[in-house]
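Structure first, commentary second.
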Amino acid sequence: MPKKRAEADVVVETPEDCRLYEGPWREDVRALCAEYGGLRRLAALNVVELARLLDREDELSKAEEALSAIRRAAGLSPKPVNVVEAYKLYREAQVLKTAVREFDGKTPWGGLRRGLIYGFAGEYGAGKSMFAIQTAVKAAVEGWKVLYVETEGALNLALFERVARRFGGELEALLERLAITQATDPLDVKEILIELLKQPVDLVVVDSFVSHALRAQFRGREMLAARQQFLAYLLDILRRLARVHGTMAILTDQVIDVPTLFQAKRPAGGNILLHGVNALFVMHRPNKTKGEGVMYPHDVPGMAPTTEIRYEIRDDGLY
């Protein structure tokens, strides 16, 4: 028999919108809704996640019916809108100015737009982590709720402080808006992102998304399919967060050598990353002795791949 979500002697206050749900397993779904804090948060789950939380993994077809009912009750069922309304909604989305002059001036959004997933790939020293920290701190200074996930054991907290001062704030003032966590391995990253389905944020940064730990855990070519499937699931969580809550994601990534005549490089996440993000940039620092870099749109709708976004690397971020 399926287990109940709460013991009989535990009283959980049910948010008002949870009572709007009318579908399979009504009482269990309403109890789960109360635990998550509303129907909208439940709506970001997928069928398998919902079935697992309700201990109904052997009834996926019914879980699918329940999830559809949840999304209808939350007002999130897909519906067509005319092109003028769609364009209006697009223009009204929040945009974060990065303070990198050419990036804000040349990208289609004039910065970074909420509800999109961005990838930034490059070699060591190109400024990927610095750019990720800069956007995280600036978003928090502007009132966004931000989660920064570091995966390589190289967290630069001093840089957070310098960037905060650059934008006219102190880290102490960001206590309620900027959270930082370090992930030991890909399993940690998965658990962190799953938790965001319950406690969403405005911006999540994963630095870096395709870490050495991921390649170490999924070793060898025979594990490539499993690794890519794992990455696809993480990206799917981010996509659902973007769709339901407007969460923006910034993912940094390494590059790998492609043995060709010109020794080309490509993002380490392969086609899964390429097709999973909404915009993918490649960062390059031609001379490691100089604080100068250039960013290219590897796959960015509305931008020619030959576009150059030049930036300067200083001790308090990119300019």
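Ligands are numbered from 1 in the order shown, chains are lettered A, B, ... in the order of the structure tokens, and residues start at 1 in each chain.
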message = Give me the residues near range 312-317 of chain A as an MDAnalysis selection string, where near means some atom within 6 Å (using only C-alpha atoms) and where sequence neighbours in that chain fewer than 4 positions away do not count.
response = chainID A and resid 130 162:163 291:292
request  = Write out as JSON, numbers by chain the residues lying within 12 Å of Asn287 in chain A, counting only C-alpha atoms and excluding same-chain residues fewer than 3 positions away.
outcome  = {"A": [123, 124, 125, 126, 284, 290, 291, 292, 293, 294, 313]}
Would you mind exporting C-alpha atoms of the selected residues as a PDB file, in the first residue's frame?
```pdb
ATOM      1  CA  GLU A 123      40.272  27.229 -20.833  1.00  0.00           C
ATOM      2  CA  TYR A 124      41.718  27.759 -17.386  1.00  0.00           C
ATOM      3  CA  GLY A 125      42.337  31.440 -16.728  1.00  0.00           C
ATOM      4  CA  ALA A 126      39.827  32.764 -19.254  1.00  0.00           C
ATOM      5  CA  HIS A 284      39.368  32.816 -24.638  1.00  0.00           C
ATOM      6  CA  LYS A 290      47.752  39.952 -20.005  1.00  0.00           C
ATOM      7  CA  GLY A 291      44.384  40.614 -18.405  1.00  0.00           C
ATOM      8  CA  GLU A 292      42.525  40.641 -21.686  1.00  0.00           C
ATOM      9  CA  GLY A 293      40.029  38.169 -23.082  1.00  0.00           C
ATOM     10  CA  VAL A 294      37.509  37.705 -25.831  1.00  0.00           C
ATOM     11  CA  ILE A 313      40.197  41.027 -16.299  1.00  0.00           C
TER      12      ILE A 313
END
```
query = Neighbours of range 148-158 of chain A within 8 Å (only C-alpha atoms; same-chain residues fewer than 6 positions away dropped), as a PyMOL selection string?
reply = chain A and resi 133+136+178-185+189+204-209+211-213
note = Of A:Val100, A:Leu112, A:Leu196, A:Leu54, the one sitting nearest Ala279 in chain A when using only C-alpha atoms is A:Leu112
query = For Ile70 in chain A, which residue out of A:Lys198, A:Arg19, A:Arg113, A:Lys288 is the nearest one, using only C-alpha atoms?
reply =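 Nearest candidate to Ile70 in chain A out of A:Lys198, A:Arg19, A:Arg113, A:Lys288: A:Arg19.
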Those in range 79-270 of chain A with helix (DSSP H, G or I) from DSSP, as a short mmCIF file (atom, residue, chain, number, x, y, z; two decimals) with N, CA and C atoms, in the first residue's frame:
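Just written: states_1.cif:
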```cif
data_model
loop_
_atom_site.label_atom_id
_atom_site.label_comp_id
_atom_site.auth_asym_id
_atom_site.auth_seq_id
_atom_site.Cartn_x
_atom_site.Cartn_y
_atom_site.Cartn_z
N VAL A 83 1.21 36.67 -31.27
CA VAL A 83 2.61 37.04 -31.35
C VAL A 83 2.89 38.37 -30.65
N VAL A 84 1.93 39.29 -30.65
CA VAL A 84 2.14 40.58 -29.99
C VAL A 84 2.24 40.38 -28.47
N GLU A 85 1.37 39.55 -27.93
CA GLU A 85 1.42 39.29 -26.49
C GLU A 85 2.70 38.54 -26.12
N ALA A 86 3.09 37.59 -26.96
CA ALA A 86 4.32 36.84 -26.70
C ALA A 86 5.52 37.78 -26.68
N TYR A 87 5.57 38.72 -27.62
CA TYR A 87 6.68 39.67 -27.69
C TYR A 87 6.66 40.60 -26.48
N LYS A 88 5.48 40.97 -26.03
CA LYS A 88 5.35 41.85 -24.86
C LYS A 88 5.90 41.14 -23.61
N LEU A 89 5.55 39.86 -23.45
CA LEU A 89 6.04 39.10 -22.31
C LEU A 89 7.56 38.96 -22.37
N TYR A 90 8.08 38.77 -23.58
CA TYR A 90 9.52 38.65 -23.75
C TYR A 90 10.22 39.95 -23.34
N ARG A 91 9.67 41.09 -23.75
CA ARG A 91 10.29 42.38 -23.45
C ARG A 91 10.20 42.73 -21.97
N GLU A 92 9.19 42.17 -21.29
CA GLU A 92 8.99 42.50 -19.88
C GLU A 92 9.86 41.67 -18.94
N ARG A 101 31.04 45.72 -20.39
CA ARG A 101 30.47 46.69 -21.32
C ARG A 101 30.09 46.08 -22.67
N GLU A 102 30.99 45.36 -23.30
CA GLU A 102 30.68 44.82 -24.62
C GLU A 102 29.65 43.70 -24.56
N PHE A 103 29.65 42.93 -23.47
CA PHE A 103 28.63 41.87 -23.35
C PHE A 103 27.24 42.48 -23.27
N ASP A 104 27.09 43.49 -22.42
CA ASP A 104 25.79 44.14 -22.28
C ASP A 104 25.39 44.90 -23.54
N GLY A 105 26.38 45.34 -24.30
CA GLY A 105 26.08 46.10 -25.50
C GLY A 105 25.81 45.27 -26.74
N LYS A 106 26.37 44.05 -26.79
CA LYS A 106 26.27 43.26 -28.02
C LYS A 106 25.31 42.08 -27.96
N LYS A 128 36.13 32.58 -16.51
CA LYS A 128 34.78 32.00 -16.38
C LYS A 128 34.25 32.13 -14.96
N SER A 129 35.04 31.70 -13.98
CA SER A 129 34.59 31.76 -12.59
C SER A 129 34.42 33.20 -12.13
N MET A 130 35.32 34.07 -12.58
CA MET A 130 35.21 35.48 -12.22
C MET A 130 33.91 36.07 -12.76
N PHE A 131 33.57 35.73 -14.00
CA PHE A 131 32.32 36.21 -14.58
C PHE A 131 31.12 35.64 -13.83
N ALA A 132 31.20 34.36 -13.44
CA ALA A 132 30.10 33.73 -12.70
C ALA A 132 29.90 34.39 -11.35
N ILE A 133 31.01 34.64 -10.63
CA ILE A 133 30.92 35.30 -9.33
C ILE A 133 30.39 36.73 -9.49
N GLN A 134 30.87 37.41 -10.50
CA GLN A 134 30.42 38.78 -10.74
C GLN A 134 28.92 38.86 -10.96
N THR A 135 28.38 37.97 -11.79
CA THR A 135 26.94 38.00 -12.06
C THR A 135 26.14 37.60 -10.81
N ALA A 136 26.66 36.64 -10.05
CA ALA A 136 25.97 36.21 -8.83
C ALA A 136 25.87 37.36 -7.82
N VAL A 137 26.99 38.03 -7.59
CA VAL A 137 27.01 39.12 -6.61
C VAL A 137 26.18 40.30 -7.10
N LYS A 138 26.30 40.66 -8.36
CA LYS A 138 25.54 41.80 -8.88
C LYS A 138 24.04 41.53 -8.80
N ALA A 139 23.63 40.30 -9.11
CA ALA A 139 22.22 39.96 -9.01
C ALA A 139 21.73 40.09 -7.57
N ALA A 140 22.54 39.61 -6.62
CA ALA A 140 22.15 39.71 -5.22
C ALA A 140 22.07 41.16 -4.76
N VAL A 141 23.02 41.98 -5.20
CA VAL A 141 23.00 43.41 -4.87
C VAL A 141 21.71 44.06 -5.37
N LEU A 157 36.48 33.19 -2.03
CA LEU A 157 35.58 34.06 -1.27
C LEU A 157 36.07 35.51 -1.25
N ALA A 158 37.37 35.71 -1.34
CA ALA A 158 37.90 37.08 -1.36
C ALA A 158 37.39 37.82 -2.59
N LEU A 159 37.23 37.11 -3.70
CA LEU A 159 36.73 37.74 -4.92
C LEU A 159 35.28 38.17 -4.73
N PHE A 160 34.49 37.37 -4.03
CA PHE A 160 33.11 37.77 -3.74
C PHE A 160 33.09 39.12 -3.02
N GLU A 161 33.99 39.28 -2.06
CA GLU A 161 34.03 40.53 -1.29
C GLU A 161 34.44 41.70 -2.16
N ARG A 162 35.46 41.51 -2.99
CA ARG A 162 35.92 42.61 -3.85
C ARG A 162 34.84 43.02 -4.85
N VAL A 163 34.14 42.02 -5.43
CA VAL A 163 33.08 42.33 -6.39
C VAL A 163 31.93 43.05 -5.70
N ALA A 164 31.59 42.63 -4.49
CA ALA A 164 30.51 43.30 -3.76
C ALA A 164 30.84 44.78 -3.53
N ARG A 165 32.07 45.06 -3.17
CA ARG A 165 32.48 46.45 -2.95
C ARG A 165 32.45 47.23 -4.26
N ARG A 166 32.82 46.57 -5.35
CA ARG A 166 32.77 47.23 -6.66
C ARG A 166 31.36 47.73 -6.96
N LEU A 171 29.40 42.12 1.73
CA LEU A 171 28.86 40.77 1.76
C LEU A 171 27.83 40.60 2.87
N GLU A 172 28.04 41.28 4.00
CA GLU A 172 27.10 41.16 5.12
C GLU A 172 25.69 41.60 4.74
N ALA A 173 25.61 42.52 3.78
CA ALA A 173 24.29 43.01 3.36
C ALA A 173 23.58 42.02 2.45
N LEU A 174 24.28 40.98 2.02
CA LEU A 174 23.70 40.02 1.07
C LEU A 174 23.33 38.70 1.74
N PRO A 186 29.03 14.89 -8.63
CA PRO A 186 27.80 15.14 -9.40
C PRO A 186 26.52 14.81 -8.63
N LEU A 187 26.57 13.82 -7.75
CA LEU A 187 25.39 13.48 -6.95
C LEU A 187 24.98 14.66 -6.09
N ASP A 188 25.96 15.37 -5.52
CA ASP A 188 25.65 16.57 -4.74
C ASP A 188 24.95 17.62 -5.60
N VAL A 189 25.46 17.82 -6.81
CA VAL A 189 24.85 18.80 -7.71
C VAL A 189 23.40 18.44 -7.98
N LYS A 190 23.15 17.15 -8.23
CA LYS A 190 21.78 16.71 -8.49
C LYS A 190 20.88 17.00 -7.30
N GLU A 191 21.34 16.68 -6.09
CA GLU A 191 20.52 16.91 -4.90
C GLU A 191 20.27 18.39 -4.67
N ILE A 192 21.28 19.21 -4.94
CA ILE A 192 21.12 20.66 -4.79
C ILE A 192 20.06 21.19 -5.75
N LEU A 193 20.12 20.76 -7.00
CA LEU A 193 19.15 21.24 -8.00
C LEU A 193 17.75 20.71 -7.70
N ILE A 194 17.64 19.47 -7.25
CA ILE A 194 16.32 18.93 -6.88
C ILE A 194 15.72 19.73 -5.74
N GLU A 195 16.56 20.15 -4.80
CA GLU A 195 16.06 20.95 -3.68
C GLU A 195 15.52 22.31 -4.15
N LEU A 196 16.09 22.82 -5.25
CA LEU A 196 15.60 24.09 -5.79
C LEU A 196 14.16 23.98 -6.31
N LEU A 197 13.73 22.76 -6.65
CA LEU A 197 12.33 22.58 -7.05
C LEU A 197 11.40 22.91 -5.88
N LYS A 198 11.92 22.72 -4.67
CA LYS A 198 11.14 23.00 -3.46
C LYS A 198 11.36 24.42 -2.96
N HIS A 212 35.59 17.86 -13.19
CA HIS A 212 36.47 16.68 -13.26
C HIS A 212 35.83 15.51 -12.51
N ALA A 213 35.10 15.80 -11.43
CA ALA A 213 34.46 14.72 -10.67
C ALA A 213 33.44 13.97 -11.52
N LEU A 214 32.75 14.69 -12.41
CA LEU A 214 31.78 14.02 -13.28
C LEU A 214 32.48 13.04 -14.21
N ARG A 215 33.57 13.49 -14.81
CA ARG A 215 34.29 12.60 -15.72
C ARG A 215 34.96 11.45 -14.98
N ALA A 216 35.34 11.69 -13.71
CA ALA A 216 35.95 10.62 -12.91
C ALA A 216 34.91 9.58 -12.50
N GLN A 217 33.70 10.04 -12.20
CA GLN A 217 32.65 9.12 -11.76
C GLN A 217 32.13 8.28 -12.92
N ARG A 221 34.75 5.32 -22.17
CA ARG A 221 33.78 5.54 -23.24
C ARG A 221 32.48 4.75 -23.01
N GLU A 222 32.60 3.59 -22.34
CA GLU A 222 31.40 2.79 -22.12
C GLU A 222 30.42 3.47 -21.18
N MET A 223 30.88 4.50 -20.44
CA MET A 223 30.01 5.24 -19.52
C MET A 223 29.55 6.57 -20.12
N LEU A 224 29.92 6.84 -21.36
CA LEU A 224 29.59 8.12 -21.96
C LEU A 224 28.08 8.36 -22.02
N ALA A 225 27.32 7.33 -22.43
CA ALA A 225 25.87 7.49 -22.54
C ALA A 225 25.26 7.80 -21.18
N ALA A 226 25.73 7.11 -20.13
CA ALA A 226 25.21 7.35 -18.78
C ALA A 226 25.55 8.76 -18.31
N ARG A 227 26.77 9.21 -18.63
CA ARG A 227 27.19 10.57 -18.24
C ARG A 227 26.32 11.61 -18.93
N GLN A 228 26.09 11.44 -20.22
CA GLN A 228 25.29 12.40 -20.96
C GLN A 228 23.83 12.39 -20.48
N GLN A 229 23.33 11.21 -20.14
CA GLN A 229 21.97 11.14 -19.62
C GLN A 229 21.87 11.86 -18.28
N PHE A 230 22.90 11.74 -17.46
CA PHE A 230 22.93 12.43 -16.17
C PHE A 230 22.92 13.95 -16.39
N LEU A 231 23.76 14.42 -17.31
CA LEU A 231 23.79 15.85 -17.63
C LEU A 231 22.44 16.33 -18.16
N ALA A 232 21.81 15.50 -18.99
CA ALA A 232 20.52 15.86 -19.56
C ALA A 232 19.48 16.04 -18.46
N TYR A 233 19.54 15.19 -17.42
CA TYR A 233 18.58 15.31 -16.32
C TYR A 233 18.81 16.61 -15.55
N LEU A 234 20.07 16.95 -15.28
CA LEU A 234 20.36 18.20 -14.58
C LEU A 234 19.85 19.40 -15.38
N LEU A 235 20.08 19.38 -16.67
CA LEU A 235 19.62 20.48 -17.53
C LEU A 235 18.10 20.53 -17.57
N ASP A 236 17.45 19.37 -17.51
CA ASP A 236 15.99 19.35 -17.52
C ASP A 236 15.43 19.99 -16.25
N ILE A 237 16.08 19.76 -15.11
CA ILE A 237 15.66 20.42 -13.87
C ILE A 237 15.75 21.94 -14.04
N LEU A 238 16.87 22.39 -14.58
CA LEU A 238 17.05 23.84 -14.79
C LEU A 238 16.02 24.40 -15.76
N ARG A 239 15.71 23.63 -16.80
CA ARG A 239 14.71 24.08 -17.77
C ARG A 239 13.34 24.24 -17.11
N ARG A 240 12.97 23.29 -16.25
CA ARG A 240 11.68 23.38 -15.56
C ARG A 240 11.65 24.55 -14.58
N LEU A 241 12.76 24.78 -13.89
CA LEU A 241 12.85 25.94 -12.99
C LEU A 241 12.69 27.24 -13.77
N ALA A 242 13.30 27.29 -14.95
CA ALA A 242 13.19 28.48 -15.80
C ALA A 242 11.76 28.69 -16.26
N ARG A 243 11.10 27.60 -16.67
CA ARG A 243 9.73 27.70 -17.21
C ARG A 243 8.72 28.09 -16.14
N VAL A 244 8.84 27.50 -14.96
CA VAL A 244 7.82 27.71 -13.93
C VAL A 244 8.13 28.93 -13.06
N HIS A 245 9.40 29.13 -12.71
CA HIS A 245 9.75 30.18 -11.75
C HIS A 245 10.55 31.32 -12.37
N GLY A 270 29.56 18.42 -24.64
CA GLY A 270 29.09 17.83 -25.88
C GLY A 270 27.73 18.35 -26.32
#
```
task = Give me, please, the distance in Å between CA of Ala99 in chain A and CA of Leu273 in chain A, quoted to one decimal.
result =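 CA of Leu273 in chain A lies 25.8 Å from CA of Ala99 in chain A.
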remark   = If you count only C-alpha atoms, the residue of A:Gly75, A:Pro80, A:Gly127, A:Gly143 closest to Leu96 in chain A turns out to be A:Gly143
inquiry  = Rounded to one decimal, what separation in Å do you get between CA of Ala34 in chain A and CA of Val201 in chain A?
reply    =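 CA of Val201 in chain A lies 18.7 Å from CA of Ala34 in chain A.
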request  = Report as a list in words: the residues of range 119-217 of chain A with a DSSP assignment of strand (DSSP E or B), based on the backbone of this structure.
outcome  =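 Answer for range 119-217 of chain A, restricted to strand (DSSP E or B): Gly119, Phe120, Ala121, Gly122, Val146, Leu147, Tyr148, Val149, Glu150, Leu178, Ala179, Ile180, Thr181, Gln182, Leu203, Val204, Val205, Val206 and Asp207 of chain A.
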Could you save those same residues with N, CA and C atoms as a short mmCIF file (atom, residue, chain, number, x, y, z; two decimals), in the first residue's frame?
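In the end it all went to result.cif:
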```
data_model
loop_
_atom_site.label_atom_id
_atom_site.label_comp_id
_atom_site.auth_asym_id
_atom_site.auth_seq_id
_atom_site.Cartn_x
_atom_site.Cartn_y
_atom_site.Cartn_z
N GLY A 119 25.48 29.06 -20.91
CA GLY A 119 26.71 28.33 -20.73
C GLY A 119 27.90 29.18 -21.12
N PHE A 120 28.99 29.11 -20.33
CA PHE A 120 30.22 29.84 -20.62
C PHE A 120 31.38 28.86 -20.50
N ALA A 121 31.97 28.51 -21.65
CA ALA A 121 33.04 27.53 -21.69
C ALA A 121 34.36 28.20 -22.02
N GLY A 122 35.44 27.63 -21.53
CA GLY A 122 36.75 28.20 -21.84
C GLY A 122 37.86 27.49 -21.11
N VAL A 146 19.94 34.36 -4.94
CA VAL A 146 20.96 33.68 -5.74
C VAL A 146 21.55 32.49 -4.98
N LEU A 147 21.79 31.40 -5.71
CA LEU A 147 22.53 30.26 -5.17
C LEU A 147 23.75 30.03 -6.05
N TYR A 148 24.93 30.01 -5.44
CA TYR A 148 26.18 29.77 -6.16
C TYR A 148 26.70 28.39 -5.76
N VAL A 149 26.86 27.51 -6.74
CA VAL A 149 27.32 26.14 -6.49
C VAL A 149 28.72 25.99 -7.08
N GLU A 150 29.71 25.67 -6.23
CA GLU A 150 31.08 25.50 -6.68
C GLU A 150 31.43 24.01 -6.62
N LEU A 178 22.21 35.84 -1.03
CA LEU A 178 23.27 35.10 -1.71
C LEU A 178 23.72 33.94 -0.85
N ALA A 179 23.50 32.72 -1.35
CA ALA A 179 23.94 31.51 -0.66
C ALA A 179 24.99 30.81 -1.51
N ILE A 180 25.98 30.23 -0.85
CA ILE A 180 27.08 29.55 -1.52
C ILE A 180 27.20 28.14 -0.98
N THR A 181 27.38 27.18 -1.86
CA THR A 181 27.59 25.81 -1.43
C THR A 181 28.62 25.15 -2.32
N GLN A 182 29.34 24.18 -1.77
CA GLN A 182 30.32 23.42 -2.54
C GLN A 182 29.84 21.98 -2.68
N LEU A 203 18.37 33.13 -9.48
CA LEU A 203 19.57 32.80 -10.26
C LEU A 203 20.31 31.66 -9.58
N VAL A 204 20.67 30.63 -10.35
CA VAL A 204 21.55 29.57 -9.86
C VAL A 204 22.77 29.53 -10.75
N VAL A 205 23.94 29.51 -10.12
CA VAL A 205 25.22 29.43 -10.82
C VAL A 205 25.87 28.10 -10.46
N VAL A 206 26.31 27.35 -11.47
CA VAL A 206 27.06 26.11 -11.23
C VAL A 206 28.43 26.27 -11.87
N ASP A 207 29.45 26.31 -11.04
CA ASP A 207 30.82 26.56 -11.49
C ASP A 207 31.73 25.43 -10.97
#
```
Non-local contacts of Thr306 in chain A (9 Å; only C-alpha atoms; under 3 positions in same chain excluded) as a list in words = Tyr296, Pro297, His298 and Met303 of chain A
Could you save those same residues with N, CA and C atoms as a PDB file, in the first residue's frame?
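Output below, filename result-v3.pdb:
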```pdb
ATOM      1  N   TYR A 296      33.207  34.572 -27.585  1.00  0.00           N
ATOM      2  CA  TYR A 296      32.541  34.344 -28.865  1.00  0.00           C
ATOM      3  C   TYR A 296      31.212  33.622 -28.624  1.00  0.00           C
ATOM      4  N   PRO A 297      30.168  33.980 -29.370  1.00  0.00           N
ATOM      5  CA  PRO A 297      28.904  33.233 -29.282  1.00  0.00           C
ATOM      6  C   PRO A 297      29.035  31.900 -30.026  1.00  0.00           C
ATOM      7  N   HIS A 298      29.218  30.820 -29.283  1.00  0.00           N
ATOM      8  CA  HIS A 298      29.370  29.497 -29.896  1.00  0.00           C
ATOM      9  C   HIS A 298      28.051  29.030 -30.502  1.00  0.00           C
ATOM     10  N   MET A 303      22.910  36.024 -32.698  1.00  0.00           N
ATOM     11  CA  MET A 303      24.274  36.543 -32.741  1.00  0.00           C
ATOM     12  C   MET A 303      25.101  35.742 -33.740  1.00  0.00           C
TER      13      MET A 303
END
```
